[in-house]
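A.B. asks: I have a structure here, written as structure tokens, and I will follow up with some questions on it.
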Amino acid sequence: MKEMIIQSKVRVCTLDELPVEDREVVDAARRATANSYAIYSHFNVGAAVRLDDGTIVCGTNQENAAYPSGLCAERTTLFWANSQYPDKSVTLLAIAARTEHGELERPIPPCGACRQVMLETEKRYNRPMKIILFGTKECYVLEDGVRALLPLSFDAGFLE
Ligand code: THU
């Protein structure tokens with residue numbers, strides 16, 4: 001029997017160690033948390049993407065009394081960005097969250113469904129997006145895209 005070891009590279013840094021153009025996107029995601037509609041969980045998530053022309057697009061989680069009808073901030077943002085700017089690739093995605101106690105100290109990781117949508121966006125534009133998960137104490141930076149968060153992933157290649 002063989003074994004496969006799957007490794008992911010994650011850079012850990014503080015916000016002020018990020019390049020200023022990345023910090024701009026992270027700060028947009030942090031600000032976006034104010035627009036989150038999270039009356040059930042009180043977990044306010046903001047996401048922001050930078051497109052290849054520099055445009056920044058933000059989104060938030062949108063909850064619903066029928067819980068599964070709600071949507072995470074990452075998917076709201078990517079679907080909105082891809083709907084408004086279908087010809088512009090996504091180069092960077094930043095995610096931030098806060099509760100009634102304030103911003104989270106540790107980075108918030110995207111859920112599995114959002115990772116799958118992030119993968120599709122990368123496939124669609126044929127380029128990995130940089131991913132930054134924000135926390136007030138530390139940030140995680142994934143330089144090589146969503147593959148690091150979603151090993152052994154299913155994509156359109158299997159449908160051929
Ligand atoms: N949520 C996100 O928006 N993004 C994530 O990556 C994880 C969870 C939202 C969904 C729900 O509105 C709330 O956070 C609690 O799960």
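Ligands are numbered from 1 in the order shown, chains are lettered A, B, ... in the order of the structure tokens, and residues start at 1 in each chain.
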Find the residues of chain A that sit at most 12 Å from ligand 1; for each, write down the nearest two atoms and how far apart they are in Å, to one decimal. Count only C-alpha atoms and all ligand atoms. Sort by chain, then by number going up, and give it as CSV.
C.D. replies:
residue,atom,partner,partner_atom_place_in_ligand_line,distance
A:Ala29,CA,ligand 1,3 (O),11.4
A:Ala32,CA,ligand 1,3 (O),11.4
A:Thr33,CA,ligand 1,3 (O),9.6
A:Asn35,CA,ligand 1,3 (O),11.8
A:Ser36,CA,ligand 1,12 (O),8.4
A:Tyr37,CA,ligand 1,12 (O),7.6
A:Ala38,CA,ligand 1,12 (O),5.6
A:Ile39,CA,ligand 1,12 (O),8.6
A:Tyr40,CA,ligand 1,12 (O),7.7
A:Ser41,CA,ligand 1,15 (C),5.3
A:His42,CA,ligand 1,13 (C),7.3
A:Phe43,CA,ligand 1,13 (C),5.1
A:Asn44,CA,ligand 1,14 (O),6.4
A:Val45,CA,ligand 1,3 (O),4.9
A:Gly46,CA,ligand 1,3 (O),7.1
A:Ala47,CA,ligand 1,3 (O),8.1
A:Ala48,CA,ligand 1,3 (O),11.8
A:Gly59,CA,ligand 1,3 (O),9.2
A:Thr60,CA,ligand 1,3 (O),6.5
A:Asn61,CA,ligand 1,3 (O),4.3
A:Gln62,CA,ligand 1,12 (O),6.0
A:Glu63,CA,ligand 1,12 (O),5.2
A:Asn64,CA,ligand 1,12 (O),8.5
A:Ala65,CA,ligand 1,12 (O),11.0
A:Ala66,CA,ligand 1,12 (O),11.6
A:Tyr67,CA,ligand 1,12 (O),8.5
A:Pro68,CA,ligand 1,11 (C),9.3
A:Ser69,CA,ligand 1,12 (O),10.0
A:Gly70,CA,ligand 1,12 (O),6.6
A:Leu71,CA,ligand 1,10 (C),6.2
A:Cys72,CA,ligand 1,3 (O),3.2
A:Ala73,CA,ligand 1,3 (O),3.9
A:Glu74,CA,ligand 1,4 (N),6.0
A:Arg75,CA,ligand 1,3 (O),7.9
A:Thr76,CA,ligand 1,3 (O),8.4
A:Thr77,CA,ligand 1,3 (O),9.9
A:Leu78,CA,ligand 1,3 (O),11.9
A:Leu93,CA,ligand 1,6 (O),11.9
A:Ala94,CA,ligand 1,6 (O),10.8
A:Ile95,CA,ligand 1,6 (O),7.8
A:Ala96,CA,ligand 1,4 (N),8.8
A:Ala97,CA,ligand 1,3 (O),8.2
A:Arg98,CA,ligand 1,14 (O),9.7
A:Thr99,CA,ligand 1,14 (O),10.0
A:Pro107,CA,ligand 1,6 (O),10.2
A:Ile108,CA,ligand 1,6 (O),6.6
A:Pro109,CA,ligand 1,6 (O),5.6
A:Pro110,CA,ligand 1,6 (O),3.3
A:Cys111,CA,ligand 1,6 (O),4.5
A:Gly112,CA,ligand 1,6 (O),8.1
A:Ala113,CA,ligand 1,6 (O),8.7
A:Cys114,CA,ligand 1,6 (O),6.7
A:Arg115,CA,ligand 1,6 (O),8.6
A:Gln116,CA,ligand 1,6 (O),11.6
A:Val117,CA,ligand 1,6 (O),11.6
A:Met118,CA,ligand 1,6 (O),11.3
A:Leu133,CA,ligand 1,6 (O),9.7
A:Phe134,CA,ligand 1,6 (O),11.6
A.B. asks: Could you give me the residues within chain A that DSSP places in strand (DSSP E or B), as a VMD selection string?
C.D. replies: chain A and resid 11 to 13 37 44 to 51 56 to 60 62 71 90 to 99 102 to 103 130 to 133 139 to 142
A.B. asks: Grab the atom CA of A:Leu142 to atom CA of A:Lys9 distance for me, in Å with one decimal place.
C.D. replies: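 Between atom CA of A:Leu142 and atom CA of A:Lys9 the gap works out to 6.8 Å.
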A.B. asks: Could you give me the residues within chain A that DSSP places in alpha helix (DSSP H), as a ChimeraX atom specification?
C.D. replies: /A:20-32,73-84,112-125
A.B. asks: Print the selection's residues with C-alpha atoms to a file, as a PDB file, in the first residue's frame.
C.D. replies:
ATOM      1  CA  VAL A  20      -0.414  47.890   1.475  1.00  0.00           C
ATOM      2  CA  GLU A  21      -2.480  46.801  -1.568  1.00  0.00           C
ATOM      3  CA  ASP A  22      -3.432  43.540   0.198  1.00  0.00           C
ATOM      4  CA  ARG A  23      -4.235  45.380   3.414  1.00  0.00           C
ATOM      5  CA  GLU A  24      -6.639  47.528   1.456  1.00  0.00           C
ATOM      6  CA  VAL A  25      -8.683  44.436   0.525  1.00  0.00           C
ATOM      7  CA  VAL A  26      -8.528  43.030   4.062  1.00  0.00           C
ATOM      8  CA  ASP A  27      -9.741  46.360   5.450  1.00  0.00           C
ATOM      9  CA  ALA A  28     -12.608  46.333   2.935  1.00  0.00           C
ATOM     10  CA  ALA A  29     -13.627  42.865   4.206  1.00  0.00           C
ATOM     11  CA  ARG A  30     -13.392  44.089   7.814  1.00  0.00           C
ATOM     12  CA  ARG A  31     -15.572  47.102   7.047  1.00  0.00           C
ATOM     13  CA  ALA A  32     -18.052  44.917   5.160  1.00  0.00           C
ATOM     14  CA  ALA A  73     -20.004  36.027   2.793  1.00  0.00           C
ATOM     15  CA  GLU A  74     -17.492  34.376   0.462  1.00  0.00           C
ATOM     16  CA  ARG A  75     -20.100  33.006  -1.920  1.00  0.00           C
ATOM     17  CA  THR A  76     -22.209  36.176  -1.796  1.00  0.00           C
ATOM     18  CA  THR A  77     -19.100  38.144  -2.762  1.00  0.00           C
ATOM     19  CA  LEU A  78     -17.814  35.836  -5.474  1.00  0.00           C
ATOM     20  CA  PHE A  79     -21.223  35.407  -7.087  1.00  0.00           C
ATOM     21  CA  TRP A  80     -21.792  39.158  -7.030  1.00  0.00           C
ATOM     22  CA  ALA A  81     -18.336  39.930  -8.405  1.00  0.00           C
ATOM     23  CA  ASN A  82     -18.615  37.278 -11.115  1.00  0.00           C
ATOM     24  CA  SER A  83     -22.117  38.493 -12.013  1.00  0.00           C
ATOM     25  CA  GLN A  84     -21.152  42.149 -12.262  1.00  0.00           C
ATOM     26  CA  GLY A 112     -16.327  23.619   2.533  1.00  0.00           C
ATOM     27  CA  ALA A 113     -19.038  24.873   0.165  1.00  0.00           C
ATOM     28  CA  CYS A 114     -17.281  28.239  -0.174  1.00  0.00           C
ATOM     29  CA  ARG A 115     -13.975  26.506  -0.888  1.00  0.00           C
ATOM     30  CA  GLN A 116     -15.664  24.616  -3.711  1.00  0.00           C
ATOM     31  CA  VAL A 117     -17.006  27.879  -5.173  1.00  0.00           C
ATOM     32  CA  MET A 118     -13.574  29.484  -4.807  1.00  0.00           C
ATOM     33  CA  LEU A 119     -12.132  26.564  -6.766  1.00  0.00           C
ATOM     34  CA  GLU A 120     -14.667  27.052  -9.558  1.00  0.00           C
ATOM     35  CA  THR A 121     -13.767  30.761  -9.744  1.00  0.00           C
ATOM     36  CA  GLU A 122     -10.093  29.877 -10.076  1.00  0.00           C
ATOM     37  CA  LYS A 123     -10.926  27.370 -12.823  1.00  0.00           C
ATOM     38  CA  ARG A 124     -13.156  29.856 -14.592  1.00  0.00           C
ATOM     39  CA  TYR A 125     -10.446  32.487 -14.817  1.00  0.00           C
TER      40      TYR A 125
END
A.B. asks: Which neighbours of A:Cys139 fall inside 7 Å, counting only C-alpha atoms, when residues of the same chain fewer than 6 positions from it are skipped, and could you give them as a PDB file with all heavy atoms, in the first residue's frame?
C.D. replies:
ATOM      1  N   VAL A  12       1.919  32.876   7.912  1.00  0.00           N
ATOM      2  CA  VAL A  12       1.265  33.482   9.069  1.00  0.00           C
ATOM      3  C   VAL A  12       1.931  34.827   9.319  1.00  0.00           C
ATOM      4  O   VAL A  12       3.166  34.905   9.409  1.00  0.00           O
ATOM      5  CB  VAL A  12       1.407  32.567  10.309  1.00  0.00           C
ATOM      6  CG1 VAL A  12       0.685  33.160  11.507  1.00  0.00           C
ATOM      7  CG2 VAL A  12       0.874  31.160  10.004  1.00  0.00           C
ATOM      8  N   CYS A  13       1.120  35.877   9.398  1.00  0.00           N
ATOM      9  CA  CYS A  13       1.713  37.206   9.608  1.00  0.00           C
ATOM     10  C   CYS A  13       0.689  38.107  10.300  1.00  0.00           C
ATOM     11  O   CYS A  13      -0.466  37.719  10.471  1.00  0.00           O
ATOM     12  CB  CYS A  13       2.152  37.819   8.283  1.00  0.00           C
ATOM     13  SG  CYS A  13       0.790  38.168   7.172  1.00  0.00           S
ATOM     14  N   THR A  14       1.114  39.283  10.658  1.00  0.00           N
ATOM     15  CA  THR A  14       0.172  40.262  11.204  1.00  0.00           C
ATOM     16  C   THR A  14      -0.289  41.171  10.065  1.00  0.00           C
ATOM     17  O   THR A  14       0.350  41.225   9.009  1.00  0.00           O
ATOM     18  CB  THR A  14       0.831  41.111  12.309  1.00  0.00           C
ATOM     19  OG1 THR A  14       1.994  41.724  11.756  1.00  0.00           O
ATOM     20  CG2 THR A  14       1.208  40.260  13.507  1.00  0.00           C
ATOM     21  N   LEU A  15      -1.385  41.872  10.320  1.00  0.00           N
ATOM     22  CA  LEU A  15      -1.952  42.736   9.280  1.00  0.00           C
ATOM     23  C   LEU A  15      -0.914  43.722   8.743  1.00  0.00           C
ATOM     24  O   LEU A  15      -0.800  43.939   7.541  1.00  0.00           O
ATOM     25  CB  LEU A  15      -3.170  43.479   9.842  1.00  0.00           C
ATOM     26  CG  LEU A  15      -3.902  44.375   8.865  1.00  0.00           C
ATOM     27  CD1 LEU A  15      -4.549  43.568   7.748  1.00  0.00           C
ATOM     28  CD2 LEU A  15      -4.958  45.216   9.584  1.00  0.00           C
ATOM     29  N   PRO A 107      -7.803  33.854  12.488  1.00  0.00           N
ATOM     30  CA  PRO A 107      -8.410  33.915  11.151  1.00  0.00           C
ATOM     31  C   PRO A 107      -9.627  33.016  11.045  1.00  0.00           C
ATOM     32  O   PRO A 107      -9.657  31.942  11.656  1.00  0.00           O
ATOM     33  CB  PRO A 107      -7.296  33.382  10.248  1.00  0.00           C
ATOM     34  CG  PRO A 107      -6.045  33.526  11.019  1.00  0.00           C
ATOM     35  CD  PRO A 107      -6.398  33.406  12.454  1.00  0.00           C
ATOM     36  N   ILE A 132      -6.539  35.614   1.838  1.00  0.00           N
ATOM     37  CA  ILE A 132      -6.067  36.122   3.130  1.00  0.00           C
ATOM     38  C   ILE A 132      -7.191  35.980   4.152  1.00  0.00           C
ATOM     39  O   ILE A 132      -8.296  36.514   3.961  1.00  0.00           O
ATOM     40  CB  ILE A 132      -5.615  37.595   3.042  1.00  0.00           C
ATOM     41  CG1 ILE A 132      -4.530  37.737   1.967  1.00  0.00           C
ATOM     42  CG2 ILE A 132      -5.080  38.060   4.395  1.00  0.00           C
ATOM     43  CD1 ILE A 132      -3.998  39.147   1.799  1.00  0.00           C
ATOM     44  N   LEU A 133      -6.904  35.236   5.208  1.00  0.00           N
ATOM     45  CA  LEU A 133      -7.868  35.037   6.287  1.00  0.00           C
ATOM     46  C   LEU A 133      -7.416  35.936   7.433  1.00  0.00           C
ATOM     47  O   LEU A 133      -6.312  35.765   7.962  1.00  0.00           O
ATOM     48  CB  LEU A 133      -7.888  33.563   6.714  1.00  0.00           C
ATOM     49  CG  LEU A 133      -7.993  32.541   5.558  1.00  0.00           C
ATOM     50  CD1 LEU A 133      -7.969  31.108   6.114  1.00  0.00           C
ATOM     51  CD2 LEU A 133      -9.256  32.781   4.743  1.00  0.00           C
TER      52      LEU A 133
END
A.B. asks: Determine the nearest neighbour of A:Val141 from the options A:Leu92, A:Leu159, A:Val57, A:Met4, counting only C-alpha atoms.
C.D. replies: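 Comparing A:Leu92, A:Leu159, A:Val57, A:Met4 against A:Val141, the winner is A:Leu92.
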A.B. asks: Under the rule that only C-alpha atoms are counted, which of A:Arg106, A:Lys2, A:Arg127, A:Arg11 is the nearest residue to A:Gly145?
C.D. replies: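 For A:Gly145, the nearest of the given residues is A:Arg127.
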A.B. asks: Using only C-alpha atoms, which residue out of A:Glu160, A:Thr136, A:Asp144, A:Glu103 lies closest to A:Thr91?
C.D. replies: A:Asp144
A.B. asks: Figure out the distance between atom CA of A:Asp52 and atom CA of A:Pro86, please, to one decimal in Å.
C.D. replies: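 Pair atom CA of A:Pro86 / atom CA of A:Asp52 returns 11.4 Å.
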A.B. asks: With only C-alpha atoms as the atoms that count, which of A:Ile5, A:Ala156, A:Met129, A:Val146 lies nearest to A:Leu51?
C.D. replies: A:Met129
A.B. asks: Pick from A:Gly102, A:Ile131, A:Glu17, A:Met1: nearest to A:Arg50, with only C-alpha atoms counted?
C.D. replies: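 Selected residue with least distance to A:Arg50: A:Ile131.
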A.B. asks: In Å, with one decimal, what is the gap from atom CA of A:Gly54 to atom CA of A:Asp87?
C.D. replies: 13.1 Å
